[in-house]
Amino acid sequence: MPAVHLSGLPATAVPTEAELEFDRQVDALALTGLPAHLDLSDACFRAFLEPLRDLLPPPENDGAGIPFVVVVPDIAVRDVLAGVSTVGGTGFTTMDDDDIARFRPLPELGVPRAPYLLLDVDTGEDTLGRTPADVLPELVSHGRLPLTIAEGLAVLVSEPGVLTSRNAFSLLGSRAGDKRVPALWTSSRRPRLGWCYQGAPHSWLGSASCAGRLGEQGLVT
């Protein structure tokens, strides 16, 4: 039998670890029902996010934080929560829709309106037991940015067990013009979106942050 020479065949690209993680996160977002909420087919939703593949960060050596999280800023909060399944059940909130809508991203964060990547996410384990009001200026001084509600939900979708494998966390990047800070924690073994006062410390609640936001328009830090 003659030998088969493969040298003339095109090489097959092997997906990187980051690309495999990107695909996994996109799958998880699709399963929450986001395509339907955005009035997109599943295929169009995936094509909508595909340009972010070219922006994936290089692998980190320390492995302490979450290297990246795919974020879709325009989300139906209650529907996305219900689409997150954990051992204890699906996510939920007792906040009504009007109250959720009052929490908007802080203007100074420059949050992109199109899908983007959240870089080097830290759920704030080292800020447990400290008030959000005290933590925020410290984050800023270290070049870190607080997360919004949409970003916190993206973290939860990408890693449904994050609230137990890491810690519950506040989302200081979304505010309603008062002293409340939204947060994600576990209630009756289920992920819950609620709020706490900015001056109230909790031993089980940290303040989440990231190193930047990277979209097609560039990096926001």
# chains A, B, ... in the order shown; residues from 1 in each chain; ligands from 1
>>> closest_atom_pairs(of="range 7-117 of chain A", to="range 141-156 of chain A", cutoff="9 Å", atoms="only C-alpha atoms", output="tab-separated table")
residue	atom	partner	partner_atom	distance
A:Gln25	CA	A:Ala154	CA	8.9
A:Leu29	CA	A:Ala154	CA	7.8
A:Ile66	CA	A:Val155	CA	8.9
A:Val69	CA	A:Val155	CA	6.3
A:Val70	CA	A:Ala154	CA	6.7
A:Val71	CA	A:Ala154	CA	5.7
A:Val72	CA	A:Ala150	CA	7.3
A:Pro73	CA	A:Ala150	CA	5.8
A:Asp74	CA	A:Ala150	CA	7.7
A:Ile75	CA	A:Ala150	CA	6.9
A:Val77	CA	A:Ala150	CA	7.5
A:Val80	CA	A:Leu153	CA	7.5
A:Leu81	CA	A:Leu153	CA	7.3
A:Val84	CA	A:Leu156	CA	7.5
A:Phe103	CA	A:Ile149	CA	8.0
A:Arg104	CA	A:Thr148	CA	7.9
A:Pro105	CA	A:Thr148	CA	5.9
A:Leu106	CA	A:Thr148	CA	8.3
A:Leu109	CA	A:Leu145	CA	7.6
A:Val111	CA	A:Thr148	CA	8.9
>>> write_last_selection(atoms="N, CA and C atoms", output="mmCIF file, in the first residue's frame")
data_model
loop_
_atom_site.group_PDB
_atom_site.id
_atom_site.type_symbol
_atom_site.label_atom_id
_atom_site.label_comp_id
_atom_site.auth_asym_id
_atom_site.auth_seq_id
_atom_site.Cartn_x
_atom_site.Cartn_y
_atom_site.Cartn_z
ATOM 1 N N GLN A 25 -18.343 29.523 27.621
ATOM 2 C CA GLN A 25 -19.098 30.648 28.168
ATOM 3 C C GLN A 25 -20.221 31.084 27.230
ATOM 4 N N LEU A 29 -24.203 31.238 28.117
ATOM 5 C CA LEU A 29 -25.046 32.416 27.911
ATOM 6 C C LEU A 29 -26.256 32.064 27.054
ATOM 7 N N ILE A 66 -10.197 35.136 37.649
ATOM 8 C CA ILE A 66 -10.846 34.574 36.463
ATOM 9 C C ILE A 66 -10.307 35.363 35.273
ATOM 10 N N VAL A 69 -14.286 37.053 31.261
ATOM 11 C CA VAL A 69 -15.703 36.670 31.282
ATOM 12 C C VAL A 69 -16.383 37.395 30.132
ATOM 13 N N VAL A 70 -17.168 36.669 29.348
ATOM 14 C CA VAL A 70 -17.920 37.262 28.234
ATOM 15 C C VAL A 70 -19.161 37.949 28.800
ATOM 16 N N VAL A 71 -19.343 39.227 28.442
ATOM 17 C CA VAL A 71 -20.457 40.013 28.980
ATOM 18 C C VAL A 71 -21.341 40.535 27.854
ATOM 19 N N VAL A 72 -22.632 40.336 28.004
ATOM 20 C CA VAL A 72 -23.637 40.960 27.136
ATOM 21 C C VAL A 72 -24.351 41.997 28.002
ATOM 22 N N PRO A 73 -24.147 43.291 27.733
ATOM 23 C CA PRO A 73 -24.660 44.318 28.651
ATOM 24 C C PRO A 73 -26.175 44.426 28.718
ATOM 25 N N ASP A 74 -26.876 44.145 27.625
ATOM 26 C CA ASP A 74 -28.334 44.289 27.601
ATOM 27 C C ASP A 74 -28.966 42.945 27.930
ATOM 28 N N ILE A 75 -29.313 42.740 29.191
ATOM 29 C CA ILE A 75 -29.835 41.444 29.607
ATOM 30 C C ILE A 75 -31.147 41.601 30.375
ATOM 31 N N VAL A 77 -32.519 40.626 33.522
ATOM 32 C CA VAL A 77 -31.921 40.156 34.767
ATOM 33 C C VAL A 77 -32.649 38.949 35.345
ATOM 34 N N VAL A 80 -32.205 35.793 33.151
ATOM 35 C CA VAL A 80 -30.852 35.229 33.222
ATOM 36 C C VAL A 80 -30.647 34.506 34.544
ATOM 37 N N LEU A 81 -31.106 35.108 35.627
ATOM 38 C CA LEU A 81 -30.999 34.446 36.935
ATOM 39 C C LEU A 81 -31.702 33.090 36.921
ATOM 40 N N VAL A 84 -29.776 30.186 35.449
ATOM 41 C CA VAL A 84 -28.582 29.673 36.128
ATOM 42 C C VAL A 84 -28.995 28.541 37.053
ATOM 43 N N PHE A 103 -30.978 50.471 39.132
ATOM 44 C CA PHE A 103 -29.536 50.281 39.261
ATOM 45 C C PHE A 103 -28.885 50.340 37.882
ATOM 46 N N ARG A 104 -28.149 51.416 37.650
ATOM 47 C CA ARG A 104 -27.502 51.631 36.366
ATOM 48 C C ARG A 104 -25.986 51.667 36.550
ATOM 49 N N PRO A 105 -25.211 51.293 35.519
ATOM 50 C CA PRO A 105 -23.757 51.375 35.621
ATOM 51 C C PRO A 105 -23.308 52.812 35.895
ATOM 52 N N LEU A 106 -22.321 52.965 36.749
ATOM 53 C CA LEU A 106 -21.778 54.294 37.014
ATOM 54 C C LEU A 106 -21.233 54.883 35.707
ATOM 55 N N LEU A 109 -17.502 54.660 34.571
ATOM 56 C CA LEU A 109 -16.891 53.377 34.202
ATOM 57 C C LEU A 109 -16.776 53.214 32.694
ATOM 58 N N VAL A 111 -18.815 51.790 30.587
ATOM 59 C CA VAL A 111 -19.152 50.410 30.217
ATOM 60 C C VAL A 111 -19.597 50.355 28.749
#
>>> select_by_dssp(residues="range 33-198 of chain A", states="strand (DSSP E)", output="MDAnalysis selection string")
chainID A and resid 66:71 85:86 89:90 92:93 104:105 116:121 145:146 168:170 174:175 180:187 190:197
>>> residues_around(residues="Ala47 in chain A", least_positions_apart="4", cutoff="12 Å", atoms="only C-alpha atoms", output="NGL selection string")
:A and (23 or 26 or 30 or 35 or 40-43 or 51-53 or 115)
>>> residues_around(residues="range 90-102 of chain A", least_positions_apart="3", cutoff="7 Å", atoms="only C-alpha atoms", output="number ranges by chain")
A: 78, 81-86, 176, 190-194
>>> residues_around(residues="range 122-127 of chain A", least_positions_apart="2", cutoff="8 Å", atoms="only C-alpha atoms", output="number ranges by chain")
A: 65-66, 120, 129-130, 135, 166-169, 205-210
>>> select_by_dssp(residues="range 19-91 of chain A", states="helix (DSSP H, G or I)", output="PyMOL selection string")
chain A and resi 19-31+34-37+42-55+77-82
>>> write_last_selection(atoms="N, CA and C atoms", output="mmCIF file, in the first residue's frame")
data_model
loop_
_atom_site.group_PDB
_atom_site.id
_atom_site.type_symbol
_atom_site.label_atom_id
_atom_site.label_comp_id
_atom_site.auth_asym_id
_atom_site.auth_seq_id
_atom_site.Cartn_x
_atom_site.Cartn_y
_atom_site.Cartn_z
ATOM 1 N N GLU A 19 -9.783 29.713 23.890
ATOM 2 C CA GLU A 19 -10.858 29.570 22.915
ATOM 3 C C GLU A 19 -11.898 28.547 23.373
ATOM 4 N N LEU A 20 -11.437 27.466 23.961
ATOM 5 C CA LEU A 20 -12.367 26.472 24.495
ATOM 6 C C LEU A 20 -13.209 27.061 25.624
ATOM 7 N N GLU A 21 -12.579 27.877 26.475
ATOM 8 C CA GLU A 21 -13.307 28.533 27.559
ATOM 9 C C GLU A 21 -14.292 29.550 26.999
ATOM 10 N N PHE A 22 -13.893 30.268 25.958
ATOM 11 C CA PHE A 22 -14.790 31.223 25.304
ATOM 12 C C PHE A 22 -16.035 30.506 24.783
ATOM 13 N N ASP A 23 -15.833 29.379 24.090
ATOM 14 C CA ASP A 23 -16.968 28.613 23.558
ATOM 15 C C ASP A 23 -17.868 28.127 24.688
ATOM 16 N N ARG A 24 -17.272 27.693 25.784
ATOM 17 C CA ARG A 24 -18.058 27.212 26.922
ATOM 18 C C ARG A 24 -18.922 28.327 27.493
ATOM 19 N N GLN A 25 -18.343 29.523 27.621
ATOM 20 C CA GLN A 25 -19.098 30.648 28.168
ATOM 21 C C GLN A 25 -20.221 31.084 27.230
ATOM 22 N N VAL A 26 -19.957 31.078 25.937
ATOM 23 C CA VAL A 26 -21.006 31.440 24.975
ATOM 24 C C VAL A 26 -22.144 30.423 25.034
ATOM 25 N N ASP A 27 -21.803 29.143 25.157
ATOM 26 C CA ASP A 27 -22.824 28.106 25.305
ATOM 27 C C ASP A 27 -23.682 28.381 26.551
ATOM 28 N N ALA A 28 -23.022 28.727 27.654
ATOM 29 C CA ALA A 28 -23.729 28.979 28.912
ATOM 30 C C ALA A 28 -24.654 30.183 28.775
ATOM 31 N N LEU A 29 -24.203 31.238 28.117
ATOM 32 C CA LEU A 29 -25.046 32.416 27.911
ATOM 33 C C LEU A 29 -26.256 32.064 27.054
ATOM 34 N N ALA A 30 -26.037 31.271 26.016
ATOM 35 C CA ALA A 30 -27.135 30.888 25.125
ATOM 36 C C ALA A 30 -28.194 30.085 25.880
ATOM 37 N N LEU A 31 -27.753 29.251 26.804
ATOM 38 C CA LEU A 31 -28.687 28.397 27.544
ATOM 39 C C LEU A 31 -29.586 29.191 28.500
ATOM 40 N N LEU A 34 -30.740 34.131 26.433
ATOM 41 C CA LEU A 34 -30.365 35.455 25.943
ATOM 42 C C LEU A 34 -30.646 35.660 24.450
ATOM 43 N N PRO A 35 -30.401 34.660 23.594
ATOM 44 C CA PRO A 35 -30.703 34.885 22.168
ATOM 45 C C PRO A 35 -32.144 35.328 21.941
ATOM 46 N N ALA A 36 -33.092 34.664 22.591
ATOM 47 C CA ALA A 36 -34.500 35.028 22.418
ATOM 48 C C ALA A 36 -34.780 36.429 22.959
ATOM 49 N N HIS A 37 -34.153 36.768 24.108
ATOM 50 C CA HIS A 37 -34.353 38.097 24.690
ATOM 51 C C HIS A 37 -33.877 39.187 23.736
ATOM 52 N N ASP A 42 -30.144 31.386 17.637
ATOM 53 C CA ASP A 42 -28.950 30.914 18.324
ATOM 54 C C ASP A 42 -27.703 31.161 17.488
ATOM 55 N N ALA A 43 -27.792 30.889 16.186
ATOM 56 C CA ALA A 43 -26.636 31.077 15.297
ATOM 57 C C ALA A 43 -26.235 32.549 15.223
ATOM 58 N N CYS A 44 -27.223 33.434 15.133
ATOM 59 C CA CYS A 44 -26.921 34.869 15.061
ATOM 60 C C CYS A 44 -26.341 35.380 16.376
ATOM 61 N N PHE A 45 -26.845 34.843 17.486
ATOM 62 C CA PHE A 45 -26.308 35.233 18.795
ATOM 63 C C PHE A 45 -24.827 34.874 18.889
ATOM 64 N N ARG A 46 -24.475 33.686 18.437
ATOM 65 C CA ARG A 46 -23.075 33.256 18.487
ATOM 66 C C ARG A 46 -22.206 34.097 17.549
ATOM 67 N N ALA A 47 -22.747 34.429 16.378
ATOM 68 C CA ALA A 47 -22.012 35.289 15.445
ATOM 69 C C ALA A 47 -21.831 36.689 16.027
ATOM 70 N N PHE A 48 -22.820 37.129 16.787
ATOM 71 C CA PHE A 48 -22.790 38.427 17.461
ATOM 72 C C PHE A 48 -21.611 38.524 18.430
ATOM 73 N N LEU A 49 -21.283 37.405 19.081
ATOM 74 C CA LEU A 49 -20.205 37.381 20.069
ATOM 75 C C LEU A 49 -18.858 36.965 19.483
ATOM 76 N N GLU A 50 -18.868 36.406 18.295
ATOM 77 C CA GLU A 50 -17.650 35.828 17.714
ATOM 78 C C GLU A 50 -16.470 36.804 17.617
ATOM 79 N N PRO A 51 -16.682 38.099 17.290
ATOM 80 C CA PRO A 51 -15.525 39.017 17.215
ATOM 81 C C PRO A 51 -14.703 39.080 18.502
ATOM 82 N N LEU A 52 -15.305 38.741 19.640
ATOM 83 C CA LEU A 52 -14.567 38.777 20.907
ATOM 84 C C LEU A 52 -13.488 37.702 20.964
ATOM 85 N N ARG A 53 -13.607 36.681 20.135
ATOM 86 C CA ARG A 53 -12.605 35.609 20.137
ATOM 87 C C ARG A 53 -11.206 36.156 19.833
ATOM 88 N N ASP A 54 -11.156 37.149 18.953
ATOM 89 C CA ASP A 54 -9.863 37.732 18.576
ATOM 90 C C ASP A 54 -9.261 38.590 19.681
ATOM 91 N N LEU A 55 -10.034 38.859 20.734
ATOM 92 C CA LEU A 55 -9.564 39.729 21.813
ATOM 93 C C LEU A 55 -9.174 38.948 23.070
ATOM 94 N N VAL A 77 -32.519 40.626 33.522
ATOM 95 C CA VAL A 77 -31.921 40.156 34.767
ATOM 96 C C VAL A 77 -32.649 38.949 35.345
ATOM 97 N N ARG A 78 -33.952 39.043 35.479
ATOM 98 C CA ARG A 78 -34.718 37.967 36.101
ATOM 99 C C ARG A 78 -34.628 36.676 35.276
ATOM 100 N N ASP A 79 -34.694 36.808 33.948
ATOM 101 C CA ASP A 79 -34.628 35.631 33.081
ATOM 102 C C ASP A 79 -33.262 34.973 33.141
ATOM 103 N N VAL A 80 -32.205 35.793 33.151
ATOM 104 C CA VAL A 80 -30.852 35.229 33.222
ATOM 105 C C VAL A 80 -30.647 34.506 34.544
ATOM 106 N N LEU A 81 -31.106 35.108 35.627
ATOM 107 C CA LEU A 81 -30.999 34.446 36.935
ATOM 108 C C LEU A 81 -31.702 33.090 36.921
ATOM 109 N N ALA A 82 -32.900 33.058 36.353
ATOM 110 C CA ALA A 82 -33.663 31.814 36.308
ATOM 111 C C ALA A 82 -32.993 30.764 35.434
#
>>> atom_distance(atom1="CA of Leu139 in chain A", atom2="CA of Glu216 in chain A")
25.2 Å
>>> residues_around(residues="Gln198 in chain A", least_positions_apart="6", cutoff="8 Å", atoms="only C-alpha atoms", output="PyMOL selection string")
chain A and resi 131-133+179-181
>>> write_last_selection(atoms="C-alpha atoms", output="PDB file, in the first residue's frame")
ATOM      1  CA  THR A 131     -17.901  47.881  53.729  1.00  0.00           C
ATOM      2  CA  PRO A 132     -18.348  48.597  50.012  1.00  0.00           C
ATOM      3  CA  ALA A 133     -17.969  52.310  50.799  1.00  0.00           C
ATOM      4  CA  LYS A 179     -26.918  54.033  49.683  1.00  0.00           C
ATOM      5  CA  ARG A 180     -27.692  50.556  48.358  1.00  0.00           C
ATOM      6  CA  VAL A 181     -25.203  48.280  46.597  1.00  0.00           C
TER       7      VAL A 181
END
>>> residues_around(residues="Thr221 in chain A", least_positions_apart="3", cutoff="7 Å", atoms="only C-alpha atoms", output="ChimeraX atom specification")
/A:211-213
>>> atom_distance(atom1="CA of Cys196 in chain A", atom2="CA of Ala76 in chain A")
21.4 Å
>>> atom_distance(atom1="CA of Gly218 in chain A", atom2="CA of Pro160 in chain A")
28.3 Å
>>> closest_residue(among="A:Leu128, A:Leu219, A:Leu56, A:Leu171", to="Ala183 in chain A", atoms="only C-alpha atoms")
A:Leu171
